[in-house]
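The next block is structure27.txt, given as compact mmCIF, C-alpha atoms.
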# COMPACT_ATOMS: atom_id res chain seq x y z
CA MET A 623 -46.61 -29.21 -67.84
CA TYR A 624 -46.66 -32.76 -69.17
CA THR A 625 -45.86 -35.48 -66.68
CA ALA A 626 -44.73 -39.00 -67.53
CA GLY A 627 -48.11 -40.30 -66.41
CA LYS A 628 -50.01 -37.95 -68.73
CA ILE A 629 -47.79 -38.86 -71.66
CA ILE A 630 -48.32 -42.58 -71.04
CA LYS A 631 -52.07 -42.05 -70.68
CA ALA A 632 -52.23 -40.08 -73.92
CA GLY A 633 -50.15 -42.73 -75.69
CA LEU A 634 -52.45 -45.50 -74.49
CA SER A 635 -55.52 -43.54 -75.58
CA ILE A 636 -54.12 -43.06 -79.07
CA THR A 637 -53.16 -46.74 -79.26
CA VAL A 638 -56.66 -47.85 -78.20
CA PHE A 639 -58.24 -45.46 -80.71
CA ILE A 640 -56.06 -46.82 -83.53
CA LEU A 641 -56.88 -50.41 -82.56
CA LEU A 642 -60.61 -49.64 -82.53
CA ILE A 643 -60.40 -48.04 -85.97
CA TRP A 644 -58.41 -51.03 -87.28
CA ALA A 645 -60.91 -53.49 -85.79
CA ALA A 646 -63.89 -51.66 -87.29
CA GLN A 647 -62.12 -51.36 -90.63
CA ARG A 648 -61.37 -55.06 -90.67
CA LEU A 649 -65.02 -55.81 -89.92
CA VAL A 650 -66.55 -53.73 -92.72
CA GLN A 651 -64.08 -54.59 -95.47
CA PRO A 652 -65.47 -57.24 -97.90
CA LYS A 653 -64.17 -60.74 -97.11
CA TYR A 654 -64.63 -62.16 -100.66
CA ALA A 655 -65.22 -65.62 -99.21
CA ASP A 656 -68.36 -67.00 -100.84
CA GLU A 657 -69.22 -64.29 -103.38
CA LEU A 658 -66.83 -62.40 -105.67
CA ILE A 659 -63.99 -64.52 -104.34
CA GLU A 660 -61.68 -62.87 -106.87
CA GLY A 661 -61.12 -60.14 -104.28
CA ASN A 662 -58.88 -62.51 -102.31
CA PHE A 663 -56.47 -63.36 -105.12
CA THR A 664 -53.96 -60.54 -104.60
CA ALA A 665 -53.54 -61.10 -100.86
CA GLU A 666 -53.06 -64.87 -101.11
CA TYR A 667 -49.72 -64.43 -102.87
CA TYR A 668 -48.10 -63.15 -99.67
CA ASN A 669 -48.70 -66.51 -97.98
CA GLU A 670 -46.31 -68.25 -100.37
CA THR A 671 -43.22 -69.82 -98.77
CA THR A 672 -41.23 -70.82 -101.88
CA ASP A 673 -40.14 -68.97 -105.00
CA HIS A 674 -41.65 -69.50 -108.45
CA ASP A 675 -39.78 -69.90 -111.70
CA VAL A 676 -42.79 -68.61 -113.65
CA ILE A 677 -45.01 -65.65 -112.77
CA ILE A 678 -48.19 -65.20 -114.81
CA ILE A 679 -49.88 -61.78 -114.91
CA GLY A 680 -53.09 -60.55 -116.48
CA ASP A 681 -56.84 -60.57 -116.05
CA CYS A 682 -59.38 -63.41 -115.80
CA GLU A 683 -57.89 -64.90 -118.95
CA VAL A 684 -54.96 -66.13 -116.87
CA TYR A 685 -56.46 -66.95 -113.49
CA GLU A 686 -59.25 -69.02 -115.05
CA ASN A 687 -57.32 -70.57 -117.95
CA ILE A 688 -53.95 -71.71 -116.57
CA ASP A 689 -53.49 -74.37 -113.89
CA PRO A 690 -50.22 -74.11 -111.88
CA ILE A 691 -50.90 -77.40 -110.10
CA TYR A 692 -50.99 -79.14 -113.49
CA LEU A 693 -47.65 -77.53 -114.35
CA TRP A 694 -46.23 -78.87 -111.10
CA GLU A 695 -47.62 -82.39 -111.42
CA HIS A 696 -46.61 -82.90 -115.06
CA TYR A 697 -43.48 -80.76 -115.39
CA GLY A 698 -42.31 -79.88 -111.88
CA ILE A 699 -42.60 -76.20 -112.83
CA THR A 700 -43.24 -73.78 -109.98
CA SER A 701 -45.59 -70.99 -111.05
CA TYR A 702 -47.98 -68.45 -109.62
CA ILE A 703 -50.75 -66.38 -111.20
CA ARG A 704 -50.94 -62.75 -110.10
CA GLY A 705 -54.15 -61.89 -111.91
CA ASN A 706 -57.47 -60.30 -111.06
CA ALA A 707 -60.82 -59.50 -112.64
CA GLN A 708 -60.21 -57.02 -115.45
CA GLN A 709 -56.66 -56.37 -114.29
CA LEU A 710 -55.57 -53.53 -116.54
CA ALA A 711 -52.13 -53.20 -118.13
CA TRP A 712 -50.80 -50.71 -115.55
CA GLN A 713 -52.10 -52.90 -112.73
CA SER A 714 -50.29 -55.90 -114.18
CA TYR A 715 -47.12 -53.81 -114.35
CA TYR A 716 -47.36 -52.84 -110.69
CA MET A 717 -48.34 -56.39 -109.74
CA LEU A 718 -45.11 -57.55 -111.37
CA GLU A 719 -43.14 -54.78 -109.68
CA ASP A 720 -44.65 -55.85 -106.36
CA THR A 721 -43.73 -59.48 -107.04
CA LEU A 722 -40.11 -58.54 -107.68
CA ARG A 723 -39.91 -57.24 -104.13
CA TYR A 724 -40.10 -60.87 -103.02
CA GLU A 725 -38.63 -62.97 -105.82
CA ILE A 726 -37.12 -62.87 -109.30
CA PRO A 727 -38.74 -65.45 -111.60
CA LYS A 728 -37.05 -66.81 -114.70
CA VAL A 729 -40.08 -66.29 -116.93
CA VAL A 730 -43.05 -63.90 -116.90
CA ILE A 731 -46.14 -64.72 -118.95
CA TYR A 732 -48.46 -61.82 -119.78
CA ASN A 733 -51.92 -62.19 -121.33
CA VAL A 734 -52.55 -59.32 -123.76
CA GLN A 735 -56.36 -59.03 -123.62
CA ALA A 736 -56.36 -55.99 -121.29
CA LEU A 737 -54.31 -53.95 -123.76
CA MET A 738 -57.62 -53.05 -125.43
CA TYR A 739 -58.46 -50.80 -122.45
CA ASP A 740 -56.77 -47.43 -122.15
CA GLU A 741 -58.29 -45.84 -119.06
CA PRO A 742 -59.48 -46.86 -115.58
CA GLN A 743 -62.75 -48.76 -115.75
CA LYS A 744 -64.62 -49.44 -112.51
CA GLU A 745 -63.96 -48.98 -108.82
CA GLU A 746 -65.00 -52.52 -107.87
CA TYR A 747 -62.33 -54.02 -110.11
CA ASN A 748 -59.73 -51.62 -108.72
CA ARG A 749 -60.70 -52.65 -105.21
CA MET A 750 -60.57 -56.38 -105.89
CA THR A 751 -57.12 -55.97 -107.43
CA LEU A 752 -55.52 -53.38 -105.14
CA ASP A 753 -57.00 -53.66 -101.65
CA GLY A 754 -55.17 -56.92 -101.00
CA MET A 755 -51.78 -55.58 -102.08
CA LYS A 756 -49.33 -54.92 -99.25
CA TRP A 757 -48.55 -51.27 -98.68
CA SER A 758 -45.50 -49.96 -100.48
CA LYS A 759 -44.60 -47.24 -102.96
CA THR A 760 -45.66 -49.73 -105.65
CA LYS A 761 -49.18 -50.00 -104.22
CA TYR A 762 -49.45 -46.22 -103.95
CA GLU A 763 -48.43 -45.79 -107.60
CA ALA A 764 -50.81 -48.58 -108.67
CA ILE A 765 -53.73 -46.89 -106.93
CA LYS A 766 -52.82 -43.50 -108.37
CA ALA A 767 -52.73 -44.95 -111.89
CA SER A 768 -56.00 -46.85 -111.45
CA MET A 769 -58.40 -44.49 -109.68
CA CYS A 770 -61.60 -43.53 -111.47
CA ASN A 771 -62.89 -39.95 -111.26
CA ASN A 772 -65.04 -40.63 -108.20
CA GLU A 773 -62.31 -42.33 -106.15
CA ARG A 774 -60.05 -40.86 -103.47
CA MET A 775 -56.63 -41.99 -102.29
CA LEU A 776 -57.67 -41.49 -98.66
CA GLU A 777 -60.28 -44.23 -99.03
CA TYR A 778 -57.58 -46.67 -100.11
CA ILE A 779 -55.29 -45.68 -97.24
CA PHE A 780 -58.20 -45.96 -94.79
CA PRO A 781 -60.74 -48.35 -96.35
CA ILE A 782 -63.17 -47.70 -93.47
CA PHE A 783 -64.10 -44.43 -95.17
CA ARG A 784 -65.19 -46.38 -98.24
CA TYR A 785 -66.86 -49.35 -96.59
CA HIS A 786 -68.36 -47.81 -93.43
CA SER A 787 -71.91 -48.17 -94.78
CA ARG A 788 -71.51 -51.96 -94.73
CA ILE A 789 -71.84 -51.91 -90.95
CA MET A 790 -75.61 -52.10 -91.49
CA ASN A 791 -75.35 -55.01 -93.94
CA LEU A 792 -72.84 -57.37 -92.40
CA SER A 793 -73.11 -61.07 -93.26
CA LYS A 794 -72.06 -64.26 -91.53
CA GLU A 795 -68.89 -64.37 -93.61
CA ASP A 796 -67.82 -60.98 -92.21
CA LEU A 797 -67.61 -62.59 -88.79
CA LYS A 798 -66.45 -66.03 -89.88
CA TYR A 799 -63.50 -64.66 -91.82
CA TYR A 800 -62.76 -61.69 -89.60
CA PHE A 801 -59.36 -62.92 -88.43
CA LYS A 802 -58.35 -65.12 -91.35
CA ARG A 803 -59.43 -64.89 -94.96
CA LYS A 804 -60.77 -67.96 -96.72
CA LYS A 805 -58.31 -69.56 -99.14
CA VAL A 806 -59.98 -69.58 -102.54
CA ALA A 807 -57.34 -70.15 -105.22
CA ASN A 808 -54.61 -72.60 -106.21
CA ASN A 809 -51.45 -70.55 -106.76
CA GLY A 810 -53.73 -67.84 -108.11
CA TYR A 811 -55.78 -70.25 -110.24
CA TYR A 812 -59.58 -70.07 -109.96
CA MET A 813 -60.70 -73.63 -110.67
CA ARG A 814 -64.10 -74.72 -111.95
CA ILE A 815 -64.91 -78.29 -112.95
CA ASP A 816 -68.47 -77.79 -114.22
CA VAL A 817 -69.40 -77.56 -117.90
CA LEU A 818 -71.60 -75.12 -119.82
CA PRO A 819 -71.11 -75.72 -123.56
CA VAL A 820 -71.25 -72.84 -126.01
CA SER A 821 -74.16 -74.53 -127.78
CA GLU A 822 -76.26 -74.38 -124.60
CA SER A 823 -75.48 -70.77 -123.79
CA ASP A 824 -76.13 -67.38 -125.34
CA VAL A 825 -73.26 -65.78 -123.44
CA ALA A 826 -70.74 -65.91 -126.28
CA ASP A 827 -70.80 -66.15 -130.06
CA MET A 828 -68.19 -68.23 -131.90
CA SER A 829 -68.99 -66.87 -135.34
CA TRP A 830 -66.27 -64.19 -135.28
CA LEU A 831 -63.67 -66.84 -134.46
CA ILE A 832 -64.69 -69.40 -137.07
CA GLY A 833 -64.91 -66.78 -139.79
CA ASP A 834 -68.63 -66.15 -140.30
CA THR A 835 -68.58 -63.00 -142.40
CA ASP A 836 -72.24 -62.33 -141.56
CA ALA A 837 -71.49 -62.12 -137.84
CA GLU A 838 -72.12 -58.90 -135.98
CA LYS A 839 -68.54 -58.00 -135.15
CA ASP A 840 -69.37 -54.80 -133.35
CA GLU A 841 -71.09 -56.53 -130.44
CA ILE A 842 -68.74 -57.02 -127.51
CA ILE A 843 -69.94 -59.06 -124.56
CA ASP A 844 -68.94 -57.95 -121.08
CA PRO A 845 -68.12 -61.09 -119.06
CA TRP A 846 -68.23 -59.18 -115.78
CA ALA A 847 -71.62 -57.54 -116.28
CA ASP A 848 -73.28 -59.35 -113.38
CA ILE A 849 -71.04 -57.86 -110.67
CA GLU A 850 -73.11 -55.80 -108.25
CA THR A 851 -71.79 -52.58 -106.73
CA GLU A 852 -72.92 -50.18 -104.05
CA GLU A 853 -72.61 -47.28 -106.47
CA GLU A 854 -74.31 -46.86 -109.82
CA GLU A 855 -72.23 -48.77 -112.34
CA ASN A 856 -70.50 -46.89 -115.13
CA GLU A 857 -70.47 -48.47 -118.55
CA ILE A 858 -67.20 -50.23 -119.37
CA SER A 859 -65.50 -48.28 -122.14
CA LEU A 860 -64.77 -51.01 -124.63
CA PRO A 861 -63.50 -50.14 -128.09
CA GLU A 862 -65.90 -49.50 -130.92
CA GLY A 863 -65.93 -52.69 -132.96
CA ASN A 864 -64.35 -52.51 -136.38
CA ALA A 865 -61.50 -54.13 -138.24
CA GLU A 866 -59.09 -51.23 -137.62
CA GLU A 867 -59.21 -51.06 -133.85
CA LYS A 868 -55.96 -50.06 -132.16
CA LEU A 869 -54.72 -51.17 -128.79
CA GLY A 870 -54.55 -48.37 -126.22
CA ASN A 871 -51.53 -46.07 -126.30
CA LEU A 872 -51.30 -45.96 -122.51
CA SER A 873 -51.66 -49.73 -122.26
CA MET A 874 -48.90 -50.24 -124.81
CA GLU A 875 -46.68 -47.89 -122.80
CA TYR A 876 -47.20 -50.15 -119.81
CA LEU A 877 -46.43 -53.19 -121.93
CA ASP A 878 -43.12 -51.46 -122.64
CA LYS A 879 -42.66 -51.01 -118.89
CA ILE A 880 -43.36 -54.70 -118.28
CA ARG A 881 -40.87 -55.65 -120.99
CA ASN A 882 -38.22 -53.26 -119.66
CA LEU A 883 -38.73 -54.45 -116.08
CA CYS A 884 -38.20 -58.03 -117.25
CA ASP A 885 -35.08 -57.05 -119.20
CA GLU A 886 -33.61 -55.21 -116.21
CA ASN A 887 -34.00 -58.32 -114.06
CA GLY A 888 -32.92 -60.92 -116.61
CA ILE A 889 -36.46 -62.32 -116.94
CA LYS A 890 -37.76 -63.79 -120.20
CA LEU A 891 -41.15 -62.43 -121.23
CA ILE A 892 -43.80 -64.44 -123.07
CA LEU A 893 -47.00 -62.87 -124.43
CA ILE A 894 -50.12 -65.00 -124.77
CA LYS A 895 -53.75 -64.63 -125.79
CA ALA A 896 -56.13 -67.05 -124.11
CA PRO A 897 -58.93 -68.57 -126.21
CA SER A 898 -61.85 -66.72 -124.60
CA LEU A 899 -64.76 -66.01 -126.94
CA ALA A 900 -65.48 -62.56 -125.50
CA PRO A 901 -64.56 -59.78 -125.61
CA ILE A 902 -63.74 -60.17 -129.30
CA TRP A 903 -60.04 -60.26 -130.12
CA TYR A 904 -59.91 -58.42 -133.44
CA ASP A 905 -57.42 -59.28 -136.18
CA SER A 906 -56.05 -55.74 -135.91
CA TYR A 907 -55.24 -56.33 -132.24
CA ASP A 908 -53.48 -59.55 -133.10
CA LYS A 909 -51.40 -57.92 -135.83
CA GLN A 910 -50.23 -55.23 -133.42
CA ILE A 911 -49.09 -57.83 -130.90
CA MET A 912 -47.37 -59.88 -133.59
CA MET A 913 -45.51 -56.78 -134.79
CA TYR A 914 -44.58 -55.88 -131.22
CA SER A 915 -43.32 -59.36 -130.43
CA ARG A 916 -41.24 -59.46 -133.60
CA LYS A 917 -39.77 -56.03 -132.91
CA TYR A 918 -38.59 -57.06 -129.45
CA ASN A 919 -37.95 -60.74 -130.15
CA LEU A 920 -40.65 -61.99 -127.79
CA ARG A 921 -42.58 -65.24 -127.94
CA TYR A 922 -46.30 -64.66 -128.66
CA ILE A 923 -48.71 -67.58 -128.28
CA ASN A 924 -52.19 -67.04 -129.67
CA PHE A 925 -54.35 -69.93 -128.43
CA TYR A 926 -57.09 -69.16 -130.95
CA GLU A 927 -54.69 -70.52 -133.56
CA LEU A 928 -53.96 -73.63 -131.47
CA LEU A 929 -57.46 -74.99 -130.88
CA GLU A 930 -56.77 -78.14 -132.89
CA GLU A 931 -53.28 -78.65 -131.50
CA THR A 932 -54.36 -78.19 -127.87
CA GLY A 933 -57.62 -80.06 -128.35
CA ILE A 934 -59.70 -77.29 -126.79
CA ASP A 935 -63.40 -77.97 -127.29
CA TYR A 936 -65.90 -75.24 -126.41
CA GLU A 937 -68.52 -77.93 -125.79
CA THR A 938 -66.58 -79.62 -122.98
CA ASP A 939 -63.83 -77.27 -121.83
CA THR A 940 -65.69 -74.20 -120.62
CA TYR A 941 -67.91 -73.66 -117.59
CA ASP A 942 -69.57 -70.43 -118.77
CA GLY A 943 -70.36 -70.80 -122.45
CA GLY A 944 -66.93 -69.96 -123.83
CA LEU A 945 -65.77 -67.00 -121.75
CA HIS A 946 -63.37 -69.03 -119.61
CA MET A 947 -62.01 -72.54 -119.44
CA ASN A 948 -63.01 -75.11 -116.85
CA ARG A 949 -60.37 -77.45 -115.44
CA ASN A 950 -60.38 -79.57 -118.61
CA GLY A 951 -59.64 -76.57 -120.79
CA ALA A 952 -57.16 -75.00 -118.37
CA ASP A 953 -55.17 -78.23 -118.26
CA LYS A 954 -54.97 -78.32 -122.06
CA ILE A 955 -53.58 -74.79 -122.12
CA SER A 956 -51.25 -75.66 -119.24
CA GLU A 957 -49.98 -78.74 -121.08
CA TYR A 958 -49.02 -76.62 -124.06
CA LEU A 959 -47.32 -74.00 -121.87
CA GLY A 960 -45.55 -76.64 -119.80
CA ASP A 961 -44.07 -78.18 -122.94
CA VAL A 962 -42.92 -74.78 -124.22
CA LEU A 963 -41.44 -73.79 -120.86
CA SER A 964 -39.56 -77.06 -120.39
CA ARG A 965 -38.26 -77.40 -123.95
CA GLU A 966 -37.63 -73.81 -125.03
CA TYR A 967 -37.01 -72.03 -121.73
CA GLU A 968 -35.38 -74.90 -119.84
CA ALA A 969 -37.77 -74.56 -116.92
CA GLN A 970 -36.44 -76.59 -114.03
CA ASP A 971 -38.22 -79.69 -112.80
CA HIS A 972 -38.33 -79.26 -109.01
CA ARG A 973 -39.97 -82.59 -108.27
CA GLY A 974 -37.68 -84.54 -105.97
CA ASP A 975 -36.58 -81.41 -104.13
CA MET A 976 -37.79 -82.04 -100.59
CA THR A 977 -38.51 -78.36 -99.90
CA TYR A 978 -40.80 -78.01 -102.90
CA ASP A 979 -42.27 -81.51 -102.61
CA LYS A 980 -43.51 -80.81 -99.08
CA VAL A 981 -45.08 -77.47 -100.02
CA TYR A 982 -46.71 -78.76 -103.19
CA GLU A 983 -48.10 -81.84 -101.51
CA GLN A 984 -50.09 -79.50 -99.27
CA LYS A 985 -51.15 -77.49 -102.30
CA ARG A 986 -52.27 -80.65 -104.09
CA GLN A 987 -54.30 -81.73 -101.08
CA PHE A 988 -56.20 -78.42 -101.11
CA TYR A 989 -56.59 -78.67 -104.90
CA TYR A 990 -58.18 -82.12 -104.85
CA GLU A 991 -60.33 -81.27 -101.84
CA MET A 992 -61.71 -78.39 -103.91
CA ILE A 993 -62.43 -80.75 -106.81
CA ASP A 994 -64.29 -83.13 -104.49
CA ALA A 995 -66.25 -80.25 -102.94
CA GLN A 996 -67.32 -78.97 -106.34
CA LYS A 997 -68.40 -82.47 -107.40
CA LYS A 998 -70.57 -82.72 -104.28
CA GLU A 999 -72.17 -79.35 -105.00
CA ILE A 1000 -72.97 -80.39 -108.55
CA GLU A 1001 -74.59 -83.56 -107.24
CA GLN A 1002 -76.55 -81.67 -104.58
CA TYR A 1003 -77.49 -78.44 -106.36
CA GLY A 1004 -76.90 -79.24 -110.01
CA ARG A 1005 -74.27 -76.50 -110.13
CA VAL A 1006 -71.15 -75.20 -108.43
CA LYS A 1007 -72.46 -72.92 -105.70
CA ASN A 1008 -69.67 -71.74 -103.40
CA TYR A 1009 -66.66 -71.48 -105.70
Would you mind giving the structure from this file in structure tokens?
Amino acid sequence: MYTAGKIIKAGLSITVFILLIWAAQRLVQPKYADELIEGNFTAEYYNETTDHDVIIIGDCEVYENIDPIYLWEHYGITSYIRGNAQQLAWQSYYMLEDTLRYEIPKVVIYNVQALMYDEPQKEEYNRMTLDGMKWSKTKYEAIKASMCNNERMLEYIFPIFRYHSRIMNLSKEDLKYYFKRKKVANNGYYMRIDVLPVSESDVADMSWLIGDTDAEKDEIIDPWADIETEEEENEISLPEGNAEEKLGNLSMEYLDKIRNLCDENGIKLILIKAPSLAPIWYDSYDKQIMMYSRKYNLRYINFYELLEETGIDYETDTYDGGLHMNRNGADKISEYLGDVLSREYEAQDHRGDMTYDKVYEQKRQFYYEMIDAQKKEIEQYGRVKNY
């Protein structure tokens, strides 16, 4: 016979056990503080206290190439980037669906690069994108759509089963950021101020962009190749390079879902292609997006065609040899987008609104502190070290 005392004792035992499991799980999960900081991007969104008129979704071609603080300072536009490393089309869809649980923006900007992928790629990218998402039906569906063959749902529900081996390899950051994660982004923007010109790097080749017919167009450079994993890395399945490449059928289905979700909520959708030099953006890809945008009356902005107008210079505006923009380049892209959003989409200028002014003054303080910190690292180490 169960007595009240036994029931209370059993309840306390279960509670203590759950707390111990939670504490151990928190300890072994990666903190993404000083290395692979991209793993913190998803979770940082939930700390926002004001709505955003513009939500930007996509992979590294948005979170490294668009500067929301610039949009605020020059146009008063409130925006947030919900992007992650190699965020695939279905992940961007669920990231948008998750965002709509909290706010309804006026405009969504989607970068189309990831449409070239048509199947899950690597577990580490899934983890960096999905682990930080708050639990909901949306997160469950996102995980289910993203899992590679060697992944299990249980390890997402209880990450301790995936990361338990890290108990033998804990670092100082695991303890330092145990209770509170390090803030690493500016409204989802990963800022770098250093410069690595294309001419001083062998990371990317401009010949395909400037029309060198002798260029090897079937070589695609993987900009994430240096990410280390605990498991043996699988090769990223990039398309075979030829002039007739097609965007993935599954990815295009999720582009339809993004478009329909925007339509259902009265949101205007803009498609963009950032001016990254790799992976190669084939003419056939571009034609498919142009046809799609015309069919559904969407704005498509291809920044490869706007290099002169935006003033983007691969000798001064990239920090990694042309794969991504540094702050100079990101601000040039942001200037173009800010002008389009304010003139053609009547984006509201929120400067002067005390609620937004107070919040964005704090954001600007963090932004400029990061700039100063990166400058000091360049002076001390000759490079940006901890960002």
Which one of A:Glu745, A:Glu966, A:Asp878, A:Asp961 sits closest to Gly698 in chain A if you count only C-alpha atoms?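 Smallest distance to Gly698 in chain A is found for A:Asp961.
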Selected residue, from A:Ala767, A:Ser758, A:Pro781, A:Asp816, that lies nearest to Glu1001 in chain A when counting only C-alpha atoms: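 When distances to Glu1001 in chain A are compared using only C-alpha atoms, the smallest one comes from A:Asp816.
Among the candidates A:Leu722, A:Ile782, A:Ile892, A:Leu945, the residue lying nearest to Ala826 in chain A is A:Leu945 (atoms considered: only C-alpha atoms).
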What is the CA of Ile923 in chain A to CA of Asp681 in chain A distance in Å?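 Those two atoms sit 16.3 Å apart.
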Provide the CA of Glu773 in chain A to CA of Val638 in chain A distance in Å, to one decimal place.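 Computed distance, CA of Glu773 in chain A to CA of Val638 in chain A, equals 29.0 Å.
Closest approach to Cys770 in chain A among A:Asn808, A:Asn748, A:Ser823, A:Asn791 is made by A:Asn748 (distances from all atoms listed in the file).
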Here is a test: counting only C-alpha atoms, which residue of A:Met717, A:Ile789, A:Ala711, A:Ile955 is nearest to Glu686 in chain A? A:Ile955
Pick from A:Leu792, A:Asp942, A:Glu763, A:Ser898, whichever lies nearest to Cys682 in chain A using all atoms listed in the file: A:Ser898
Hey, can you check how far CA of Tyr692 in chain A sits from CA of Tyr926 in chain A? 21.0 Å
What's around Tyr941 in chain A at 9 Å? Count only C-alpha atoms, leave out sequence neighbours fewer than 3 positions away in its own chain, and write the answer as an NGL selection string. :A and (814-819 or 938 or 944-949)
Residue neighbourhood Ile643 in chain A, 12 Å, all atoms listed in the file, exclusion window fewer than 5 positions, as a ChimeraX atom specification: /A:636-638,648-650,780-783,786
Write out as a VMD selection string each polymer residue whose atoms come within 12 Å of Tyr668 in chain A, counting only C-alpha atoms; drop sequence neighbours fewer than 2 positions from it. chain A and resid 662 to 666 670 to 673 702 704 720 to 721 723 to 725 754 to 757 809 to 810
